[in-house]
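K.L.:
This is the structure I want to talk about, given as structure tokens.
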Amino acid sequence: MIAISTAIALILLGLAMLAAAVRIALGPTLADRVLGLDLLTVLGIAVIGVFAVRTGLYLYVDIAVSLALVSFLATIAFARYLISRDP
């Protein structure tokens with residue numbers, strides 16, 4: 001049952017990543033692209049979490065936490081860049 005649930009979760013996360021990639025490519029403003037990039041990293045963290053549940057190796061959770069911290073800092077850096085560009 002876990003294998004089926006995680007397979008469905010990975011498929012849905014993959015579709016969401018595809019939608020986020022489209023948002024990055026076609027976003028009308030730079031803020032939309034930053035939001036799409038942030039969404040892509042959150043979905044990557046979710047994929048790592050689902051993979052940890054599927055394999056039973058919860059060492060991957062540490063990797064997800066470190067990716068979340070780096071992603072948060074990158075989002076803050078992009079936001080500060082956008083604020084400094086605004087006239």
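Residue numbering restarts at 1 in every chain; chains get A, B, ... in the order shown in the structure tokens, and ligands count up from 1 in that same order.
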Using only C-alpha atoms, which residues sit within 10 Å of range 8-23 of chain A once same-chain residues fewer than 3 positions away are excluded, as a PyMOL selection string?

P.N.:
chain A and resi 2-5+26-28+32-44+46-48+50-51

K.L.:
Quick one: distance from CA of Ile45 in chain A to CA of Ile63 in chain A in Å, one decimal?

P.N.:
8.5 Å

K.L.:
Check the smallest atom-to-atom distance from each of A:Thr6, A:Ile24, A:Arg80, A:Arg85 to Thr55 in chain A using only C-alpha atoms, then report the winner.

P.N.:
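Selected residue with least distance to Thr55 in chain A: A:Thr6.
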
K.L.:
Select, from A:Gly49, A:Ala7, A:Met1, A:Ala31, the residue with the minimum atom-to-atom distance to Leu67 in chain A, counting only C-alpha atoms.

P.N.:
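So, comparing all the options, the nearest one is A:Gly49.
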
K.L.:
In Å to one decimal, how far is CA of Leu82 in chain A from CA of Thr29 in chain A?

P.N.:
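It comes out at 10.8 Å.
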
K.L.:
As an exercise, work out the distance from CA of Ala64 in chain A to CA of Ala52 in chain A in Å and give it to one decimal place.

P.N.:
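We find that CA of Ala64 in chain A and CA of Ala52 in chain A lie 9.6 Å from each other.
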